[in-house]
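File shown: protein.cif (mmCIF, C-alpha atoms and all ligand atoms).
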```cif
data_start
#
loop_
_atom_site.label_atom_id
_atom_site.label_comp_id
_atom_site.auth_asym_id
_atom_site.auth_seq_id
_atom_site.Cartn_x
_atom_site.Cartn_y
_atom_site.Cartn_z
CA MET A 1244 118.71 86.15 94.63
CA ALA A 1245 114.94 86.44 94.92
CA ASP A 1246 112.74 85.68 91.92
CA TYR A 1247 110.07 88.18 92.96
CA SER A 1248 110.16 91.57 94.57
CA ILE A 1249 107.48 91.64 97.23
CA TRP A 1250 105.81 94.61 98.88
CA VAL A 1251 102.84 94.99 101.20
CA LEU A 1252 100.90 98.18 100.49
CA ASP A 1253 98.21 99.47 102.80
CA TYR A 1254 95.38 101.47 101.24
CA ALA A 1255 93.04 102.32 104.14
CA ALA A 1256 92.57 101.50 107.82
CA VAL A 1257 90.10 100.92 110.59
CA ASN A 1258 91.61 102.78 113.51
CA LYS A 1259 89.55 101.26 116.27
CA PHE A 1260 89.36 97.57 115.62
CA PRO A 1261 88.43 95.29 118.53
CA GLN A 1262 91.39 93.17 119.52
CA ALA A 1263 89.07 90.25 120.34
CA VAL A 1264 88.23 89.89 116.64
CA MET A 1265 91.90 89.69 115.69
CA LEU A 1266 92.70 87.16 118.35
CA TYR A 1267 90.17 84.94 120.06
CA GLY A 1268 89.97 85.59 123.75
CA PRO A 1269 91.22 88.91 125.07
CA TRP A 1270 87.71 90.35 125.29
CA HIS A 1271 88.49 93.46 127.22
CA HIS A 1272 91.87 94.29 125.82
CA GLY A 1273 90.68 97.20 123.76
CA ILE A 1274 91.39 98.09 120.20
CA ARG A 1275 94.15 98.08 117.59
CA ASN A 1276 94.73 99.80 114.30
CA LEU A 1277 93.80 97.50 111.43
CA PRO A 1278 95.30 98.43 108.07
CA TYR A 1279 93.59 97.32 104.86
CA ALA A 1280 96.29 96.17 102.44
CA TYR A 1281 97.27 94.04 99.50
CA ALA A 1282 100.58 92.54 98.37
CA LEU A 1283 102.41 93.36 95.16
CA LEU A 1284 104.85 90.92 93.54
CA LYS A 1285 107.04 91.74 90.58
CA GLY A 1286 109.18 89.26 88.72
CA LYS A 1287 109.30 86.56 86.03
CA SER A 1288 107.63 89.07 83.65
CA GLU A 1289 104.56 89.23 85.88
CA VAL A 1290 103.01 91.89 88.08
CA ILE A 1291 100.93 90.03 90.67
CA LEU A 1292 98.59 91.28 93.34
CA ILE A 1293 97.41 89.24 96.27
CA ASP A 1294 93.91 90.67 96.79
CA THR A 1295 92.42 93.77 95.23
CA GLY A 1296 91.27 96.14 97.92
CA TYR A 1297 87.83 97.66 97.28
CA ASP A 1298 86.43 100.44 95.21
CA HIS A 1299 85.65 103.47 97.33
CA LYS A 1300 83.59 105.23 94.70
CA GLU A 1301 80.74 102.71 94.94
CA TYR A 1302 79.91 103.06 98.62
CA GLY A 1303 83.10 104.08 100.25
CA LYS A 1304 81.59 106.95 102.13
CA TYR A 1305 78.85 104.71 103.43
CA LEU A 1306 81.48 102.26 104.67
CA ALA A 1307 83.56 105.00 106.16
CA ASP A 1308 80.63 106.49 108.05
CA LEU A 1309 79.15 103.28 109.35
CA TYR A 1310 82.15 101.04 109.83
CA GLY A 1311 85.02 103.35 110.52
CA VAL A 1312 87.13 102.77 107.41
CA THR A 1313 89.40 105.78 106.94
CA ASN A 1314 92.12 107.08 104.64
CA TRP A 1315 91.17 105.04 101.56
CA HIS A 1316 93.37 105.51 98.49
CA GLY A 1317 92.86 103.88 95.10
CA PRO A 1318 95.28 101.43 93.48
CA GLU A 1319 96.49 104.02 90.98
CA GLU A 1320 97.95 106.08 93.79
CA VAL A 1321 99.01 103.15 95.99
CA LEU A 1322 100.76 101.12 93.26
CA ALA A 1323 102.53 104.23 91.96
CA GLU A 1324 104.67 104.10 95.11
CA CYS A 1325 106.28 101.03 93.50
CA GLY A 1326 106.25 102.36 89.95
CA VAL A 1327 103.31 100.20 88.85
CA THR A 1328 99.92 101.13 87.37
CA PRO A 1329 96.70 99.09 87.68
CA ALA A 1330 96.94 98.37 83.96
CA ASP A 1331 100.34 96.72 84.51
CA VAL A 1332 98.88 94.06 86.82
CA THR A 1333 98.83 90.69 85.06
CA ARG A 1334 97.47 88.37 87.81
CA VAL A 1335 95.44 88.76 90.96
CA LEU A 1336 95.19 85.99 93.56
CA ILE A 1337 92.07 86.42 95.70
CA THR A 1338 92.48 85.00 99.19
CA HIS A 1339 88.76 85.22 99.99
CA ALA A 1340 85.57 86.92 98.93
CA HIS A 1341 85.36 89.69 101.52
CA PHE A 1342 84.84 93.20 100.23
CA ASP A 1343 88.21 94.55 101.38
CA HIS A 1344 90.03 91.74 99.55
CA MET A 1345 87.89 91.24 96.46
CA GLY A 1346 85.93 94.46 95.99
CA GLY A 1347 88.38 95.83 93.42
CA LEU A 1348 87.77 93.21 90.74
CA ASP A 1349 87.03 95.89 88.16
CA LEU A 1350 90.09 98.02 88.85
CA PHE A 1351 92.74 96.00 86.97
CA PRO A 1352 91.78 95.94 83.30
CA ASN A 1353 94.45 93.53 82.06
CA ALA A 1354 94.63 91.08 84.92
CA THR A 1355 93.50 87.47 85.20
CA PHE A 1356 92.02 86.58 88.59
CA TYR A 1357 92.23 83.37 90.63
CA ILE A 1358 89.83 82.31 93.37
CA GLN A 1359 88.87 79.04 95.01
CA LYS A 1360 85.80 77.26 93.63
CA ARG A 1361 84.63 76.44 97.13
CA GLU A 1362 84.69 80.12 98.09
CA LEU A 1363 82.31 81.03 95.28
CA ASP A 1364 80.07 77.96 95.57
CA LYS A 1365 79.53 78.16 99.31
CA TRP A 1366 79.08 81.92 99.24
CA VAL A 1367 76.31 81.60 96.68
CA TRP A 1368 74.75 78.81 98.73
CA ALA A 1369 74.87 80.92 101.91
CA LEU A 1370 73.15 83.78 100.10
CA THR A 1371 70.19 81.52 99.36
CA LEU A 1372 69.59 80.95 103.07
CA GLY A 1373 67.81 84.18 103.84
CA PRO A 1374 68.53 87.31 105.83
CA GLU A 1375 68.58 85.65 109.24
CA TYR A 1376 71.74 83.81 108.12
CA ARG A 1377 73.55 86.92 106.99
CA PHE A 1378 76.34 86.40 109.51
CA LEU A 1379 77.62 83.71 107.14
CA VAL A 1380 78.13 86.20 104.33
CA GLY A 1381 78.92 89.17 106.55
CA ALA A 1382 81.78 90.88 104.75
CA ALA A 1383 80.93 89.69 101.25
CA ASP A 1384 79.43 92.14 98.80
CA PRO A 1385 76.90 90.48 96.47
CA ALA A 1386 77.80 93.06 93.81
CA ASP A 1387 81.19 91.36 93.53
CA ILE A 1388 79.47 88.31 92.00
CA MET A 1389 78.41 90.46 89.06
CA LYS A 1390 81.95 91.76 88.74
CA ALA A 1391 83.31 88.20 88.82
CA THR A 1392 80.79 87.11 86.20
CA ARG A 1393 81.80 89.99 83.96
CA LEU A 1394 85.42 88.84 84.25
CA ALA A 1395 84.47 85.23 83.56
CA ARG A 1396 82.74 86.33 80.36
CA GLU A 1397 86.04 87.88 79.32
CA GLY A 1398 87.94 84.70 80.23
CA ARG A 1399 89.71 86.49 83.07
CA MET A 1400 88.35 84.61 86.09
CA ILE A 1401 90.04 81.30 86.87
CA VAL A 1402 88.34 79.14 89.45
CA VAL A 1403 90.83 76.92 91.29
CA ASP A 1404 89.59 73.69 92.82
CA GLY A 1405 91.82 72.91 95.80
CA ASP A 1406 95.60 73.19 96.02
CA ALA A 1407 97.53 74.18 92.90
CA GLU A 1408 101.31 74.11 92.59
CA ASP A 1409 103.27 76.47 90.38
CA ILE A 1410 100.25 78.43 89.25
CA LEU A 1411 103.05 80.81 88.33
CA PRO A 1412 106.72 79.87 88.70
CA GLY A 1413 107.36 79.23 92.40
CA ILE A 1414 103.87 80.28 93.49
CA ASP A 1415 101.47 77.75 95.02
CA LEU A 1416 97.84 78.17 96.06
CA HIS A 1417 96.37 76.31 99.03
CA LEU A 1418 92.74 75.77 99.92
CA ALA A 1419 92.03 76.41 103.60
CA ALA A 1420 88.49 75.08 103.70
CA ASP A 1421 86.09 76.17 106.42
CA THR A 1422 88.44 78.55 108.13
CA HIS A 1423 87.92 82.34 108.07
CA THR A 1424 85.62 81.70 105.11
CA TYR A 1425 84.38 78.54 103.41
CA GLY A 1426 87.00 78.56 100.68
CA SER A 1427 89.81 80.77 101.91
CA MET A 1428 93.09 80.44 100.07
CA TYR A 1429 96.60 81.12 101.24
CA VAL A 1430 99.50 81.68 98.90
CA THR A 1431 103.07 80.45 99.21
CA ILE A 1432 105.93 81.97 97.28
CA ARG A 1433 109.09 79.90 96.94
CA ASN A 1434 111.21 82.88 96.15
CA ASP A 1435 114.28 80.91 95.13
CA GLY A 1436 112.17 78.74 92.81
CA ALA A 1437 113.32 75.55 94.55
CA ARG A 1438 110.85 72.84 95.44
CA ASN A 1439 112.47 72.56 98.87
CA SER A 1440 112.77 76.28 99.17
CA GLN A 1441 114.79 78.06 101.83
CA ASP A 1442 113.09 81.35 100.97
CA VAL A 1443 109.36 80.87 101.48
CA TRP A 1444 106.80 83.61 102.07
CA VAL A 1445 103.21 82.82 102.98
CA PHE A 1446 100.31 85.21 102.42
CA ALA A 1447 97.74 84.07 104.92
CA GLY A 1448 94.64 85.93 103.78
CA ASP A 1449 92.56 86.54 106.89
CA ASN A 1450 93.33 83.13 108.36
CA ILE A 1451 95.50 85.12 110.71
CA TYR A 1452 95.02 88.82 111.45
CA THR A 1453 98.19 89.28 113.45
CA TYR A 1454 101.45 87.50 114.25
CA ASP A 1455 99.94 86.92 117.68
CA ASN A 1456 97.71 84.25 116.12
CA LEU A 1457 100.90 82.23 115.55
CA THR A 1458 102.52 82.82 118.92
CA GLY A 1459 99.84 83.76 121.44
CA LEU A 1460 100.39 86.76 123.66
CA ASP A 1461 102.90 85.07 125.97
CA LYS A 1462 106.14 84.87 124.03
CA ASN A 1463 107.63 82.53 126.64
CA ASP A 1464 104.89 80.01 126.17
CA PRO A 1465 103.89 80.16 122.50
CA GLN A 1466 100.66 78.72 121.17
CA LEU A 1467 98.45 78.99 118.11
CA VAL A 1468 95.42 81.18 118.80
CA PRO A 1469 92.70 81.49 116.17
CA ILE A 1470 91.19 84.73 114.98
CA GLY A 1471 87.92 85.73 116.59
CA LEU A 1472 85.74 85.59 113.52
CA ALA A 1473 85.24 82.63 111.26
CA VAL A 1474 82.46 80.80 109.47
CA GLY A 1475 84.51 77.60 109.65
CA SER A 1476 86.02 76.09 112.76
CA GLN A 1477 88.66 77.13 115.24
CA SER A 1478 90.31 73.74 114.74
CA ASN A 1479 90.64 74.33 111.01
CA LEU A 1480 92.12 77.77 111.65
CA ILE A 1481 94.69 76.35 114.05
CA PHE A 1482 95.74 73.54 111.72
CA CYS A 1483 95.88 75.96 108.81
CA SER A 1484 98.13 78.23 110.89
CA ALA A 1485 100.35 75.27 111.71
CA ASP A 1486 100.61 74.38 108.00
CA MET A 1487 101.51 77.93 107.06
CA LEU A 1488 104.14 78.08 109.77
CA LYS A 1489 105.57 74.74 108.67
CA ALA A 1490 105.91 76.08 105.13
CA THR A 1491 108.29 78.79 106.35
CA GLY A 1492 110.29 76.38 108.50
CA GLY A 1493 108.73 77.87 111.62
CA GLU A 1494 109.75 81.44 110.86
CA VAL A 1495 106.81 83.47 112.16
CA LYS A 1496 107.56 86.74 110.42
CA ARG A 1497 107.40 85.10 106.97
CA VAL A 1498 103.72 84.20 107.43
CA ILE A 1499 102.21 87.51 106.44
CA PRO A 1500 98.95 88.66 108.08
CA ILE A 1501 97.96 91.39 105.67
CA HIS A 1502 96.04 93.31 108.38
CA GLU A 1503 99.01 93.30 110.81
CA ASP A 1504 99.86 96.86 111.82
CA ARG A 1505 103.38 95.81 112.85
CA LEU A 1506 104.54 94.73 109.37
CA LYS A 1507 105.93 98.22 108.90
CA ASP A 1508 108.15 97.77 111.96
CA THR A 1509 109.14 94.19 111.15
CA PHE A 1510 110.48 94.90 107.64
CA PRO A 1511 112.07 97.88 105.89
CA SER A 1512 109.28 100.34 105.21
CA ARG A 1513 108.41 103.86 104.23
CA ARG A 1514 105.50 106.10 105.15
CA THR A 1515 103.95 107.79 102.12
CA LYS A 1516 102.59 111.33 101.82
CA ALA A 1517 99.11 109.87 102.17
CA ASP A 1518 100.06 108.38 105.55
CA LEU A 1519 100.09 104.87 104.09
CA HIS A 1520 103.03 102.44 104.12
CA VAL A 1521 105.21 100.61 101.66
CA VAL A 1522 106.64 97.52 103.34
CA GLU A 1523 109.41 95.76 101.44
CA LEU A 1524 109.77 92.03 101.99
CA ALA A 1525 112.06 91.06 99.12
CA LEU A 1526 113.82 92.55 96.12
CA ALA A 1527 114.44 90.67 92.89
CA LYS A 1528 117.62 91.14 90.88
CA GLY A 1529 117.74 94.55 89.21
CA GLU A 1530 114.85 95.98 91.21
CA ALA A 1531 115.45 99.22 93.08
CA SER A 1532 114.30 99.50 96.66
CA ARG A 1533 111.06 101.44 97.14
CA VAL A 1534 111.69 102.23 100.76
CA GLY A 1535 115.25 103.54 100.70
CA MET B 527 66.23 111.92 107.79
CA SER B 528 62.50 112.00 108.53
CA PHE B 529 59.84 110.87 106.06
CA SER B 530 56.17 111.79 105.75
CA PRO B 531 54.04 108.93 107.16
CA PRO B 532 53.06 107.55 103.71
CA LEU B 533 56.68 107.67 102.55
CA ALA B 534 57.87 106.04 105.77
CA ARG B 535 55.34 103.28 105.19
CA TYR B 536 56.57 102.84 101.62
CA VAL B 537 60.20 102.62 102.76
CA ALA B 538 59.30 99.98 105.34
CA ASP B 539 57.20 97.98 102.86
CA ALA B 540 59.64 98.17 99.96
CA LYS B 541 62.58 96.73 101.88
CA ALA B 542 61.50 93.11 101.60
CA PRO B 543 60.91 93.10 97.82
CA HIS B 544 64.15 95.02 97.41
CA ARG B 545 65.95 92.28 99.30
CA GLU B 546 64.37 89.62 97.10
CA LEU B 547 65.54 91.47 93.99
CA GLN B 548 69.09 91.67 95.31
CA ARG B 549 68.95 87.99 96.05
CA ALA B 550 67.63 87.11 92.60
CA LEU B 551 70.32 89.18 90.91
CA THR B 552 73.03 87.47 92.94
CA GLN B 553 71.68 84.00 92.21
CA LEU B 554 71.29 84.57 88.48
CA SER B 555 74.73 86.08 88.27
CA ALA B 556 76.12 83.11 90.20
CA PHE B 557 74.37 80.75 87.79
CA LEU B 558 76.22 82.29 84.87
CA LEU B 559 79.50 82.49 86.77
CA LYS B 560 79.34 78.79 87.61
CA ARG B 561 78.44 77.94 84.06
CA LEU B 562 81.37 79.93 82.71
CA THR B 563 83.95 78.69 85.17
CA GLY B 564 82.81 75.09 85.68
CA ARG B 565 84.40 72.16 83.93
CA THR B 566 83.02 71.61 80.47
CA GLY B 567 80.88 68.52 80.21
CA GLY B 568 79.61 68.79 83.78
CA THR B 569 75.90 69.09 84.48
CA ILE B 570 74.50 72.59 84.70
CA ASP B 571 73.34 73.54 88.18
CA TYR B 572 69.91 75.18 87.89
CA GLY B 573 69.61 75.58 91.67
CA PRO B 574 70.44 79.30 91.61
CA VAL B 575 67.84 79.90 88.87
CA GLU B 576 65.21 78.14 90.97
CA ALA B 577 66.20 80.25 93.97
CA ALA B 578 65.96 83.40 91.84
CA ARG B 579 62.58 82.37 90.47
CA THR B 580 61.23 81.89 93.98
CA ALA B 581 62.63 85.25 95.07
CA LEU B 582 61.14 87.01 92.06
CA SER B 583 57.65 85.58 92.47
CA GLU B 584 57.75 86.50 96.15
CA CYS B 585 58.90 89.99 95.16
CA GLY B 586 56.17 90.32 92.51
CA ARG B 587 53.53 89.32 95.04
CA MET B 588 54.77 91.94 97.51
CA LEU B 589 55.07 94.69 94.92
CA GLN B 590 51.41 94.26 93.98
CA HIS B 591 50.42 95.44 97.43
CA ILE B 592 52.73 98.41 97.69
CA GLY B 593 51.58 101.77 96.41
CA ALA B 594 53.97 104.58 95.59
CA PRO B 595 53.12 107.77 97.49
CA ALA B 596 54.38 111.19 96.42
CA GLY B 597 58.16 111.19 96.54
CA ALA B 598 58.46 107.45 95.97
CA ALA B 599 57.37 107.11 92.34
CA HIS B 600 60.91 107.36 91.00
CA HIS B 601 62.15 104.80 93.47
CA ARG B 602 59.25 102.47 92.74
CA ARG B 603 59.88 102.68 89.00
CA HIS B 604 63.46 101.42 89.48
CA LEU B 605 62.15 98.52 91.57
CA ASP B 606 59.69 97.59 88.82
CA ILE B 607 62.29 97.83 86.07
CA ALA B 608 64.73 95.66 88.04
CA HIS B 609 62.00 93.12 88.69
CA ALA B 610 61.04 92.99 85.01
CA ALA B 611 64.65 92.66 83.89
CA LEU B 612 65.31 89.76 86.26
CA CYS B 613 62.10 88.00 85.20
CA ARG B 614 63.32 88.39 81.61
CA ALA B 615 66.64 86.82 82.59
CA VAL B 616 64.86 83.81 84.09
CA SER B 617 62.76 83.33 80.96
CA ILE B 618 65.94 83.47 78.85
CA VAL B 619 67.42 80.59 80.85
CA LEU B 620 64.24 78.58 80.58
CA ALA B 621 63.71 79.24 76.85
CA ARG B 622 63.77 76.06 74.79
CA ARG B 623 65.99 77.47 72.12
CA GLY B 624 69.69 77.77 73.08
CA PHE B 625 70.88 79.93 75.97
CA ASP B 626 71.43 83.52 74.83
CA GLU B 627 74.22 84.52 77.19
CA ASP B 628 74.49 88.11 75.97
CA ALA B 629 70.78 88.78 76.40
CA PHE B 630 70.83 87.11 79.80
CA PHE B 631 73.77 89.13 81.06
CA GLY B 632 72.29 92.29 79.52
CA ALA B 633 69.16 91.76 81.63
CA LEU B 634 71.27 91.30 84.75
CA GLU B 635 73.20 94.48 84.05
CA ARG B 636 69.95 96.37 83.60
CA ALA B 637 68.71 95.16 86.98
CA GLU B 638 72.07 95.91 88.57
CA ARG B 639 71.89 99.53 87.39
CA ASP B 640 68.39 100.02 88.71
CA LEU B 641 69.12 98.44 92.06
CA LYS B 642 72.22 100.57 92.47
CA ALA B 643 70.17 103.68 91.78
CA LEU B 644 67.76 102.94 94.64
CA TRP B 645 69.81 103.88 97.64
CA ARG B 646 70.75 107.21 96.18
CA ILE B 647 67.07 108.11 95.87
CA VAL B 648 65.84 107.03 99.29
CA PRO B 649 68.16 106.14 102.17
CA GLY B 650 67.70 102.72 103.69
CA PHE B 651 68.25 100.75 100.48
CA GLU B 652 71.98 100.34 100.72
CA PRO B 653 73.24 97.60 98.46
CA VAL B 654 75.36 96.05 101.18
CA ASP B 655 75.11 95.24 104.83
CA PHE B 656 78.52 94.93 106.43
CA SER B 657 77.27 95.08 109.98
CA GLN B 658 78.72 91.61 110.58
CA ALA B 659 81.84 92.16 108.51
CA CYS B 660 85.03 90.87 110.02
CA CYS B 661 87.22 93.71 108.91
CA ALA B 662 84.99 96.63 109.70
CA GLN B 663 84.65 98.39 112.99
CA HIS B 664 81.46 96.70 113.98
CA GLY B 665 78.24 98.53 113.32
CA LEU B 666 77.11 98.41 116.90
CA LEU B 667 80.25 100.15 118.06
CA VAL B 668 79.36 102.97 115.74
CA ARG B 669 75.60 102.82 116.25
CA PRO B 670 74.95 101.58 119.81
CA GLU B 671 71.34 102.82 119.56
CA ALA B 672 70.70 100.00 117.08
CA ALA B 673 71.36 97.27 119.64
CA ALA B 674 68.46 94.88 120.11
CA SER B 675 67.27 93.73 123.51
CA PRO B 676 66.22 90.10 123.90
CA ALA B 677 62.53 89.46 123.29
ZN ZN C 1 88.04 88.63 105.74
#
```
Give the structure from this file in structure tokens form.
Amino acid sequence: MADYSIWVLDYAAVNKFPQAVMLYGPWHHGIRNLPYAYALLKGKSEVILIDTGYDHKEYGKYLADLYGVTNWHGPEEVLAECGVTPADVTRVLITHAHFDHMGGLDLFPNATFYIQKRELDKWVWALTLGPEYRFLVGAADPADIMKATRLAREGRMIVVDGDAEDILPGIDLHLAADTHTYGSMYVTIRNDGARNSQDVWVFAGDNIYTYDNLTGLDKNDPQLVPIGLAVGSQSNLIFCSADMLKATGGEVKRVIPIHEDRLKDTFPSRRTKADLHVVELALAKGEASRVG
Amino acid sequence: MSFSPPLARYVADAKAPHRELQRALTQLSAFLLKRLTGRTGGTIDYGPVEAARTALSECGRMLQHIGAPAGAAHHRRHLDIAHAALCRAVSIVLARRGFDEDAFFGALERAERDLKALWRIVPGFEPVDFSQACCAQHGLLVRPEAAASPA
């Protein structure tokens, strides 16, 4: 029986996302839908989020108009689909400092947050470089540093330096340095609690955008293909992908790309009234299905 | 939106000091964040404070040469208040007596409020630029007219 119930919840989308950004190479292969999402875990007396989403009320309309983000819904509404409120969330694991993953730092009043030290340090360093280097901090919102500082003053921001095992029972954090971002982090969940687990889930952050990053587009001749947008190196992305795949014993579908539009077809899922999706990866003992 | 020529000039001139203020706020906030989350006993990294100080003196120099035409006075006042608050934060760090974290963070929050107010008063002072963001539909797809041609 699983220790944690696990759901992926989308909260917005970019409908016309260039495929070449998701997967290095196919330059003229058009666009895909790119959901914005976070993961919810429930179990062991914890309610855990992997990433926060962002707060639309600050400059959501600006984002929507300029960058094509549509159908945003706040965590109150999104988490309610699984019977959870933002105030119930006890921990948030931040995979990287991009606005759609970290911009909701102020939305979970009782949570403690975890982020990699390298992600913060190198981000701050890159911001000193001047506007001509802004590619390096492209999707990061400087306002999130103030939010993080506010949390740190309340003792709710934990900075993790490298890999950390059992940060919560069965949950490990892994530094993926110089990949999608300088200090990206992926999360493994050993959902049977065993050290040599047979029930591993990996939350990849944006180190992969789609399952195709793990297989390539030719299923008969699989290969690792990096995403099309990184501040680190393609080599690091490929070796990180290999590590994540190894953690699941080679099972591709257990390495979760949070922006993958096909999650809803790969696992049991339900479309909500708001045209969002609840994707159910695992159910802990005593937990009712949210997609049935 | 079209501006009167003096206002258009103000908007163009005020962008650089605005950027320096944003940068100073980020650096000072990062200084405190590192201090709060670093290992106890480690040396304090004053690099971000130095970076903020440089940004603020650059900003102050630029602000001296920018007038506020009709329609820009409100905007300009927020810029000045943010600048003053951030300068206060720097002097709090550099004060010989112990570091007053509450006063320091209070100054940052003051500047944060004023900087946030700016883009609601005059467009063009958005607090973020996600034109290179990985997860957004890229700006140039939405705004092809903004594409640069090589010099
Ligand atoms: Zn990202």
Kindly provide the residues of chain A that approach ligand ZN 1 (chain C) to within 7 Å, each paired with its closest atom pair and their distance in Å to one decimal, based on all atoms listed in the file, listed by chain and increasing number, as a tab-separated table.
```
residue	atom	partner	partner_atom	distance
A:His1339	CA	C:ZN1	ZN	6.7
A:His1341	CA	C:ZN1	ZN	5.1
A:Ala1382	CA	C:ZN1	ZN	6.7
A:His1423	CA	C:ZN1	ZN	6.7
A:Asp1449	CA	C:ZN1	ZN	5.1
```
### Task
Rank B:Leu620, B:Ser583, B:Ala540, B:Leu554 by their smallest atom-to-atom distance to B:Arg603, using all atoms listed in the file, and report the top residue only.
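Once distances to B:Arg603 are computed over all atoms listed in the file, the minimum belongs to B:Ala540.
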At a cut-off of 6 Å, can you tabulate as a tab-separated table every residue of chain A near chain B together with its closest atom pair and the distance in Å to one decimal, using only C-alpha atoms and ordering rows by chain then number?
```
residue	atom	partner	partner_atom	distance
A:Phe1260	CA	B:Gln663	CA	5.5
A:Tyr1310	CA	B:Gln663	CA	4.8
A:Gly1311	CA	B:Gln663	CA	5.6
A:Phe1378	CA	B:Gln658	CA	5.8
A:Gly1381	CA	B:Ala659	CA	4.6
A:Ala1382	CA	B:Ala659	CA	4.0
A:Met1389	CA	B:Ser555	CA	5.8
A:Thr1392	CA	B:Leu559	CA	4.8
```
Writer output for current selection, C-alpha atoms, as a compact mmCIF listing (two decimals), in the coordinates of the input:
```txt
# COMPACT_ATOMS: atom_id res chain seq x y z
CA PHE A 1260 89.36 97.57 115.62
CA TYR A 1310 82.15 101.04 109.83
CA GLY A 1311 85.02 103.35 110.52
CA PHE A 1378 76.34 86.40 109.51
CA GLY A 1381 78.92 89.17 106.55
CA ALA A 1382 81.78 90.88 104.75
CA MET A 1389 78.41 90.46 89.06
CA THR A 1392 80.79 87.11 86.20
```
### Task
For each of A:His1344, A:Ala1420, A:Leu1284, A:Thr1371, take the minimum atom-to-atom distance to A:Ser1478, counting all atoms listed in the file, then give the residue where this is smallest.
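The answer is A:Ala1420, which sits nearest to A:Ser1478.
For the pair atom CA of A:Asp1442 and atom CA of A:Cys1483, the separation is 19.7 Å.
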### Separation of atom CA of A:Ile1470 from atom CA of A:Asp1504, in Å and rounded to one decimal
15.2 Å
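In this model, the gap between atom CA of A:Ser1427 and atom CA of A:Leu1363 comes to 10.0 Å.
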### All residues 9 Å or closer to A:Arg1497, only C-alpha atoms, same chain fewer than 5 positions away omitted, as a list in words
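The neighbour list is Val1443, Trp1444, Val1445, Phe1446, Leu1488, Thr1491 and Leu1524 of chain A.
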Around all listed atoms of stretch 572-583 of chain B, padded 4 Å per side, what centre and edge lengths does the axis-aligned box have in Å to one decimal, as JSON?
```
{"center_x": 64.0, "center_y": 81.1, "center_z": 91.5, "size_x": 20.8, "size_y": 19.8, "size_z": 15.2}
```
### Query
What's the 6 Å shell around stretch 604-615 of chain B, counting only C-alpha atoms, without same-chain residues fewer than 5 positions away, as a PyMOL selection string?
chain B and resi 630+633+637+640
### Message
Measuring between all atoms listed in the file, which one of B:Ile570, B:Leu582, B:Ala594, B:Val619 shows the shortest distance to B:Val537?
### Response
B:Ala594
